[in-house]
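J.: Structure: input_37.pdb, PDB, C-alpha atoms.
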ATOM      1  CA  MET A   1       8.573 -14.148   9.078  1.00  0.00           C
ATOM      2  CA  LEU A   2       6.665 -14.676   5.812  1.00  0.00           C
ATOM      3  CA  GLU A   3       4.268 -17.116   7.452  1.00  0.00           C
ATOM      4  CA  GLU A   4       3.565 -14.604  10.237  1.00  0.00           C
ATOM      5  CA  PHE A   5       2.854 -11.854   7.726  1.00  0.00           C
ATOM      6  CA  ILE A   6       0.576 -14.080   5.633  1.00  0.00           C
ATOM      7  CA  LYS A   7      -1.440 -14.913   8.768  1.00  0.00           C
ATOM      8  CA  GLN A   8      -1.935 -11.169   9.350  1.00  0.00           C
ATOM      9  CA  ILE A   9      -2.952 -10.172   5.800  1.00  0.00           C
ATOM     10  CA  ASP A  10      -6.701 -10.413   6.427  1.00  0.00           C
ATOM     11  CA  GLU A  11      -6.386  -8.368   9.624  1.00  0.00           C
ATOM     12  CA  GLN A  12      -4.323  -5.690   7.853  1.00  0.00           C
ATOM     13  CA  ILE A  13      -6.822  -5.502   4.998  1.00  0.00           C
ATOM     14  CA  GLU A  14      -9.678  -5.129   7.471  1.00  0.00           C
ATOM     15  CA  LYS A  15      -7.790  -2.278   9.167  1.00  0.00           C
ATOM     16  CA  ALA A  16      -7.289  -0.583   5.796  1.00  0.00           C
ATOM     17  CA  ILE A  17     -10.972  -0.946   4.921  1.00  0.00           C
ATOM     18  CA  GLU A  18     -12.020   0.482   8.298  1.00  0.00           C
ATOM     19  CA  LEU A  19      -9.564   3.348   7.846  1.00  0.00           C
ATOM     20  CA  GLY A  20     -11.168   4.123   4.501  1.00  0.00           C
ATOM     21  CA  LYS A  21     -14.555   4.336   6.150  1.00  0.00           C
ATOM     22  CA  LYS A  22     -13.285   6.731   8.822  1.00  0.00           C
ATOM     23  CA  CYS A  23     -10.863   8.982   6.948  1.00  0.00           C
ATOM     24  CA  VAL A  24     -12.849  10.525   4.181  1.00  0.00           C
ATOM     25  CA  GLU A  25     -16.223  12.238   4.450  1.00  0.00           C
ATOM     26  CA  ASN A  26     -17.937  10.049   1.867  1.00  0.00           C
ATOM     27  CA  GLU A  27     -16.689   6.853   3.558  1.00  0.00           C
ATOM     28  CA  LEU A  28     -14.690   5.273   0.776  1.00  0.00           C
ATOM     29  CA  GLU A  29     -15.288   1.573   0.382  1.00  0.00           C
ATOM     30  CA  LEU A  30     -11.977  -0.174  -0.209  1.00  0.00           C
ATOM     31  CA  ASN A  31     -11.480  -3.796  -1.206  1.00  0.00           C
ATOM     32  CA  THR A  32      -8.780  -5.974  -2.750  1.00  0.00           C
ATOM     33  CA  SER A  33      -9.785  -5.206  -6.341  1.00  0.00           C
ATOM     34  CA  ILE A  34      -7.346  -3.090  -8.350  1.00  0.00           C
ATOM     35  CA  GLU A  35     -10.390  -1.159  -9.577  1.00  0.00           C
ATOM     36  CA  THR A  36     -10.524   0.603  -6.178  1.00  0.00           C
ATOM     37  CA  ILE A  37      -6.949   1.878  -6.329  1.00  0.00           C
ATOM     38  CA  ASP A  38      -8.108   5.478  -6.925  1.00  0.00           C
ATOM     39  CA  LYS A  39      -9.981   5.294  -3.626  1.00  0.00           C
ATOM     40  CA  LEU A  40      -6.779   4.096  -1.984  1.00  0.00           C
ATOM     41  CA  ASP A  41      -5.053   7.185  -3.433  1.00  0.00           C
ATOM     42  CA  GLU A  42      -7.578   9.378  -1.619  1.00  0.00           C
ATOM     43  CA  ILE A  43      -7.032   7.638   1.712  1.00  0.00           C
ATOM     44  CA  VAL A  44      -3.245   7.827   1.430  1.00  0.00           C
ATOM     45  CA  GLU A  45      -3.478  11.527   0.544  1.00  0.00           C
ATOM     46  CA  PHE A  46      -5.697  12.124   3.585  1.00  0.00           C
ATOM     47  CA  ILE A  47      -3.172  10.365   5.851  1.00  0.00           C
ATOM     48  CA  ARG A  48      -0.313  12.270   4.196  1.00  0.00           C
ATOM     49  CA  ASN A  49      -2.057  15.544   5.038  1.00  0.00           C
ATOM     50  CA  LEU A  50      -2.377  14.462   8.680  1.00  0.00           C
ATOM     51  CA  TYR A  51       1.336  13.712   8.745  1.00  0.00           C
ATOM     52  CA  GLN A  52       2.215  17.045   7.117  1.00  0.00           C
ATOM     53  CA  LYS A  53       0.165  18.838   9.796  1.00  0.00           C
ATOM     54  CA  LYS A  54       2.055  16.818  12.439  1.00  0.00           C
ATOM     55  CA  LEU A  55      -1.169  15.227  13.673  1.00  0.00           C
ATOM     56  CA  ILE A  56       0.430  11.784  13.386  1.00  0.00           C
ATOM     57  CA  ASP A  57       4.062  10.792  13.863  1.00  0.00           C
ATOM     58  CA  GLU A  58       6.345   8.425  11.933  1.00  0.00           C
ATOM     59  CA  ASN A  59       5.353   5.398  14.019  1.00  0.00           C
ATOM     60  CA  VAL A  60       1.654   5.925  13.339  1.00  0.00           C
ATOM     61  CA  ALA A  61       2.448   6.625   9.677  1.00  0.00           C
ATOM     62  CA  TRP A  62       4.348   3.327   9.450  1.00  0.00           C
ATOM     63  CA  ASN A  63       1.547   1.333  11.076  1.00  0.00           C
ATOM     64  CA  ILE A  64      -1.001   2.851   8.703  1.00  0.00           C
ATOM     65  CA  ALA A  65       1.349   2.202   5.761  1.00  0.00           C
ATOM     66  CA  VAL A  66       1.536  -1.467   6.722  1.00  0.00           C
ATOM     67  CA  SER A  67      -2.254  -1.790   6.469  1.00  0.00           C
ATOM     68  CA  LEU A  68      -2.694   0.324   3.339  1.00  0.00           C
ATOM     69  CA  GLY A  69       0.411  -1.149   1.682  1.00  0.00           C
ATOM     70  CA  THR A  70      -0.808  -4.670   2.408  1.00  0.00           C
ATOM     71  CA  LEU A  71      -4.106  -3.784   0.767  1.00  0.00           C
ATOM     72  CA  LEU A  72      -2.244  -2.341  -2.246  1.00  0.00           C
ATOM     73  CA  GLY A  73      -0.165  -5.502  -2.418  1.00  0.00           C
ATOM     74  CA  GLU A  74      -3.244  -7.704  -2.363  1.00  0.00           C
ATOM     75  CA  MET A  75      -4.785  -5.617  -5.139  1.00  0.00           C
ATOM     76  CA  ILE A  76      -1.709  -6.239  -7.284  1.00  0.00           C
ATOM     77  CA  ILE A  77      -1.444  -9.925  -6.371  1.00  0.00           C
ATOM     78  CA  ASN A  78      -5.134 -10.551  -7.075  1.00  0.00           C
ATOM     79  CA  LYS A  79      -4.853  -8.890 -10.474  1.00  0.00           C
ATOM     80  CA  HIS A  80      -1.550 -10.444 -11.612  1.00  0.00           C
ATOM     81  CA  GLY A  81      -1.001 -13.623  -9.616  1.00  0.00           C
ATOM     82  CA  PHE A  82       2.255 -12.517  -7.976  1.00  0.00           C
ATOM     83  CA  ARG A  83       3.164 -13.585  -4.439  1.00  0.00           C
ATOM     84  CA  TRP A  84       4.329 -12.146  -1.135  1.00  0.00           C
ATOM     85  CA  ASN A  85       7.897 -12.579   0.019  1.00  0.00           C
ATOM     86  CA  ILE A  86      10.150 -11.011   2.661  1.00  0.00           C
ATOM     87  CA  ASN A  87      13.196  -8.890   1.782  1.00  0.00           C
ATOM     88  CA  SER A  88      16.526  -8.736   3.612  1.00  0.00           C
ATOM     89  CA  ASP A  89      15.132  -6.003   5.898  1.00  0.00           C
ATOM     90  CA  ASN A  90      12.258  -8.310   6.933  1.00  0.00           C
ATOM     91  CA  ILE A  91       9.730  -6.156   5.088  1.00  0.00           C
ATOM     92  CA  PRO A  92       7.004  -7.868   3.059  1.00  0.00           C
ATOM     93  CA  ILE A  93       7.432  -7.380  -0.671  1.00  0.00           C
ATOM     94  CA  ILE A  94       5.773  -8.671  -3.801  1.00  0.00           C
ATOM     95  CA  LYS A  95       7.748 -11.010  -6.008  1.00  0.00           C
ATOM     96  CA  THR A  96       6.706 -11.397  -9.633  1.00  0.00           C
ATOM     97  CA  SER A  97       6.904 -14.437 -11.863  1.00  0.00           C
ATOM     98  CA  VAL A  98      10.224 -13.127 -13.257  1.00  0.00           C
ATOM     99  CA  ASP A  99      11.590 -12.383  -9.756  1.00  0.00           C
ATOM    100  CA  ASP A 100      11.105  -8.622  -9.902  1.00  0.00           C
ATOM    101  CA  GLN A 101      10.304  -7.162  -6.516  1.00  0.00           C
ATOM    102  CA  LEU A 102       8.190  -4.270  -5.382  1.00  0.00           C
ATOM    103  CA  SER A 103       7.428  -3.019  -1.926  1.00  0.00           C
ATOM    104  CA  PRO A 104       3.929  -1.570  -1.621  1.00  0.00           C
ATOM    105  CA  ILE A 105       4.232  -1.087   2.146  1.00  0.00           C
ATOM    106  CA  THR A 106       7.449   0.898   1.875  1.00  0.00           C
ATOM    107  CA  LYS A 107       6.043   2.893  -1.044  1.00  0.00           C
ATOM    108  CA  VAL A 108       2.896   3.877   0.853  1.00  0.00           C
ATOM    109  CA  TYR A 109       5.056   4.919   3.816  1.00  0.00           C
ATOM    110  CA  LYS A 110       7.293   7.052   1.583  1.00  0.00           C
ATOM    111  CA  ILE A 111       4.222   8.711   0.060  1.00  0.00           C
ATOM    112  CA  ILE A 112       2.842   9.536   3.511  1.00  0.00           C
ATOM    113  CA  VAL A 113       6.066  11.017   4.910  1.00  0.00           C
ATOM    114  CA  SER A 114       7.268  12.736   1.733  1.00  0.00           C
ATOM    115  CA  GLU A 115       7.686  16.433   2.466  1.00  0.00           C
ATOM    116  CA  ASP A 116       7.841  17.553  -1.151  1.00  0.00           C
ATOM    117  CA  ASP A 117       5.202  15.220  -2.603  1.00  0.00           C
ATOM    118  CA  VAL A 118       7.584  13.595  -5.115  1.00  0.00           C
ATOM    119  CA  GLU A 119       6.576  10.027  -4.296  1.00  0.00           C
ATOM    120  CA  GLY A 120       3.381  10.060  -6.351  1.00  0.00           C
ATOM    121  CA  ARG A 121       0.332   7.974  -5.491  1.00  0.00           C
ATOM    122  CA  PRO A 122      -0.332   4.243  -5.071  1.00  0.00           C
ATOM    123  CA  SER A 123      -1.992   4.231  -8.510  1.00  0.00           C
ATOM    124  CA  SER A 124       1.040   5.789 -10.214  1.00  0.00           C
ATOM    125  CA  PHE A 125       3.316   3.305  -8.413  1.00  0.00           C
ATOM    126  CA  TYR A 126       1.179   0.444  -9.748  1.00  0.00           C
ATOM    127  CA  LYS A 127       0.911   1.833 -13.281  1.00  0.00           C
ATOM    128  CA  GLY A 128       4.652   2.489 -13.484  1.00  0.00           C
ATOM    129  CA  PHE A 129       5.529  -0.969 -12.268  1.00  0.00           C
ATOM    130  CA  ILE A 130       3.093  -2.717 -14.608  1.00  0.00           C
ATOM    131  CA  THR A 131       4.385  -0.719 -17.569  1.00  0.00           C
ATOM    132  CA  LEU A 132       7.932  -1.858 -16.827  1.00  0.00           C
ATOM    133  CA  TYR A 133       6.834  -5.431 -16.132  1.00  0.00           C
ATOM    134  CA  ASN A 134       4.882  -5.675 -19.394  1.00  0.00           C
ATOM    135  CA  ASN A 135       7.810  -4.353 -21.415  1.00  0.00           C
ATOM    136  CA  LYS A 136      10.218  -7.117 -20.359  1.00  0.00           C
TER     137      LYS A 136
END
What does the file become when written as structure tokens?
T.:
Amino acid sequence: MLEEFIKQIDEQIEKAIELGKKCVENELELNTSIETIDKLDEIVEFIRNLYQKKLIDENVAWNIAVSLGTLLGEMIINKHGFRWNINSDNIPIIKTSVDDQLSPITKVYKIIVSEDDVEGRPSSFYKGFITLYNNK
């Protein structure tokens, strides 16, 4: 399962980048640098609004979350040298050097489908995790 996911990372990132170009009026340019995480926030918020208006369903939201969450994961991995792994639910996660785990795909999905907007943004997810990681 992990090998299959790793083979698809580039394709998922390309989908996320294309989505960024199509979703927002000023065509946000995404890449795998953590410096573009605020742009990712904008894209996720745009998709969340589509979901809230019932213009996309849960299946579409999940597929988009896989692409955007993979991009978020690559941003984090590129910045900190962590690695991909697969959890017991067969969902790709990031594993840190001290075996902490975080799930950027699941987090992006929860942000998109959250009715009450309590899930935050990809940037707050990253900042919160890094704060905890650095305080160990």
J.: What's around Glu11 in chain A at 10 Å? Count only C-alpha atoms, leave out sequence neighbours fewer than 5 positions away in its own chain, and write the answer as a list of chain:residue names.
T.: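 Surrounding residues, per the criterion: A:Ile6, A:Ala16, A:Ile17, A:Ser67, A:Thr70.
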J.: Near range 29-42 of chain A, counting only C-alpha atoms, which residues have an atom at most 6 Å away, once you skip same-chain residues fewer than 3 positions from it, shown as a list in words?
T.: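 Near neighbours after the sequence-gap exclusion: Ile17, Glu45, Glu74, Met75, Arg121, Pro122 and Ser123 of chain A.
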J.: Under the PyMOL selection byres ((chain A and resi 102) around 10), which residues of this model are included? Write them out as a list in words.
T.: Gly73, Trp84, Asn85, Asn87, Pro92, Ile93, Ile94, Lys95, Thr96, Asp99, Asp100, Gln101, Ser103, Pro104, Ile105, Thr106, Lys107, Phe125, Tyr126 and Phe129 of chain A
J.: Atoms to include: C-alpha atoms. Write the selected residues as a JSON list (two decimals), keeping the file's coordinate frame.
T.:
[["chain", "number", "residue", "atom", "x", "y", "z"],
["A", 73, "GLY", "CA", -0.16, -5.50, -2.42],
["A", 84, "TRP", "CA", 4.33, -12.15, -1.14],
["A", 85, "ASN", "CA", 7.90, -12.58, 0.02],
["A", 87, "ASN", "CA", 13.20, -8.89, 1.78],
["A", 92, "PRO", "CA", 7.00, -7.87, 3.06],
["A", 93, "ILE", "CA", 7.43, -7.38, -0.67],
["A", 94, "ILE", "CA", 5.77, -8.67, -3.80],
["A", 95, "LYS", "CA", 7.75, -11.01, -6.01],
["A", 96, "THR", "CA", 6.71, -11.40, -9.63],
["A", 99, "ASP", "CA", 11.59, -12.38, -9.76],
["A", 100, "ASP", "CA", 11.10, -8.62, -9.90],
["A", 101, "GLN", "CA", 10.30, -7.16, -6.52],
["A", 103, "SER", "CA", 7.43, -3.02, -1.93],
["A", 104, "PRO", "CA", 3.93, -1.57, -1.62],
["A", 105, "ILE", "CA", 4.23, -1.09, 2.15],
["A", 106, "THR", "CA", 7.45, 0.90, 1.88],
["A", 107, "LYS", "CA", 6.04, 2.89, -1.04],
["A", 125, "PHE", "CA", 3.32, 3.30, -8.41],
["A", 126, "TYR", "CA", 1.18, 0.44, -9.75],
["A", 129, "PHE", "CA", 5.53, -0.97, -12.27]]
J.: What's the separation between CA of His80 in chain A and CA of Ser114 in chain A, in Å to one decimal place?
T.: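 Distance reported for this atom pair: 28.2 Å.
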J.: Nearest to Ile91 in chain A: which of A:Ile13, A:Val113, A:Val66, A:Leu71 is it, counting all atoms listed in the file?
T.: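 Result for the nearest residue to Ile91 in chain A: A:Val66.
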J.: Which residues, named as in the file, does the PyMOL selection byres ((chain A and resi 63) around 12) pick out? Answer as a list in words.
T.: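 Going through the file, the PyMOL selection byres ((chain A and resi 63) around 12) ends up selecting Gln12, Lys15, Ala16, Leu19, Ile47, Ile56, Asp57, Glu58, Asn59, Val60, Ala61, Trp62, Ile64, Ala65, Val66, Ser67, Leu68, Gly69, Thr70, Ile105, Thr106, Val108, Tyr109 and Ile112 of chain A.
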J.: What does the file look like for those residues with C-alpha atoms, as a short mmCIF file (atom, residue, chain, number, x, y, z; two decimals), in the coordinates of the input?
T.:
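Contents of result.cif, freshly written:
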data_model
loop_
_atom_site.label_atom_id
_atom_site.label_comp_id
_atom_site.auth_asym_id
_atom_site.auth_seq_id
_atom_site.Cartn_x
_atom_site.Cartn_y
_atom_site.Cartn_z
CA GLN A 12 -4.32 -5.69 7.85
CA LYS A 15 -7.79 -2.28 9.17
CA ALA A 16 -7.29 -0.58 5.80
CA LEU A 19 -9.56 3.35 7.85
CA ILE A 47 -3.17 10.36 5.85
CA ILE A 56 0.43 11.78 13.39
CA ASP A 57 4.06 10.79 13.86
CA GLU A 58 6.34 8.43 11.93
CA ASN A 59 5.35 5.40 14.02
CA VAL A 60 1.65 5.92 13.34
CA ALA A 61 2.45 6.62 9.68
CA TRP A 62 4.35 3.33 9.45
CA ILE A 64 -1.00 2.85 8.70
CA ALA A 65 1.35 2.20 5.76
CA VAL A 66 1.54 -1.47 6.72
CA SER A 67 -2.25 -1.79 6.47
CA LEU A 68 -2.69 0.32 3.34
CA GLY A 69 0.41 -1.15 1.68
CA THR A 70 -0.81 -4.67 2.41
CA ILE A 105 4.23 -1.09 2.15
CA THR A 106 7.45 0.90 1.88
CA VAL A 108 2.90 3.88 0.85
CA TYR A 109 5.06 4.92 3.82
CA ILE A 112 2.84 9.54 3.51
#
J.: For CA of Val44 in chain A and CA of Glu3 in chain A, determine how far apart the two atoms are, in Å to one decimal place.
T.: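 Spanning CA of Val44 in chain A to CA of Glu3 in chain A is a straight-line distance of 26.7 Å.
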J.: Counting only C-alpha atoms, which residue out of A:Ile130, A:Asn49, A:Val118, A:Leu28 sits closest to Ile77 in chain A?
T.: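 Closest to Ile77 in chain A of all the choices is A:Ile130.
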J.: So how many Å separate CA of Asn135 in chain A and CA of Phe82 in chain A, to one decimal?
T.: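 Pair CA of Asn135 in chain A / CA of Phe82 in chain A returns 16.7 Å.
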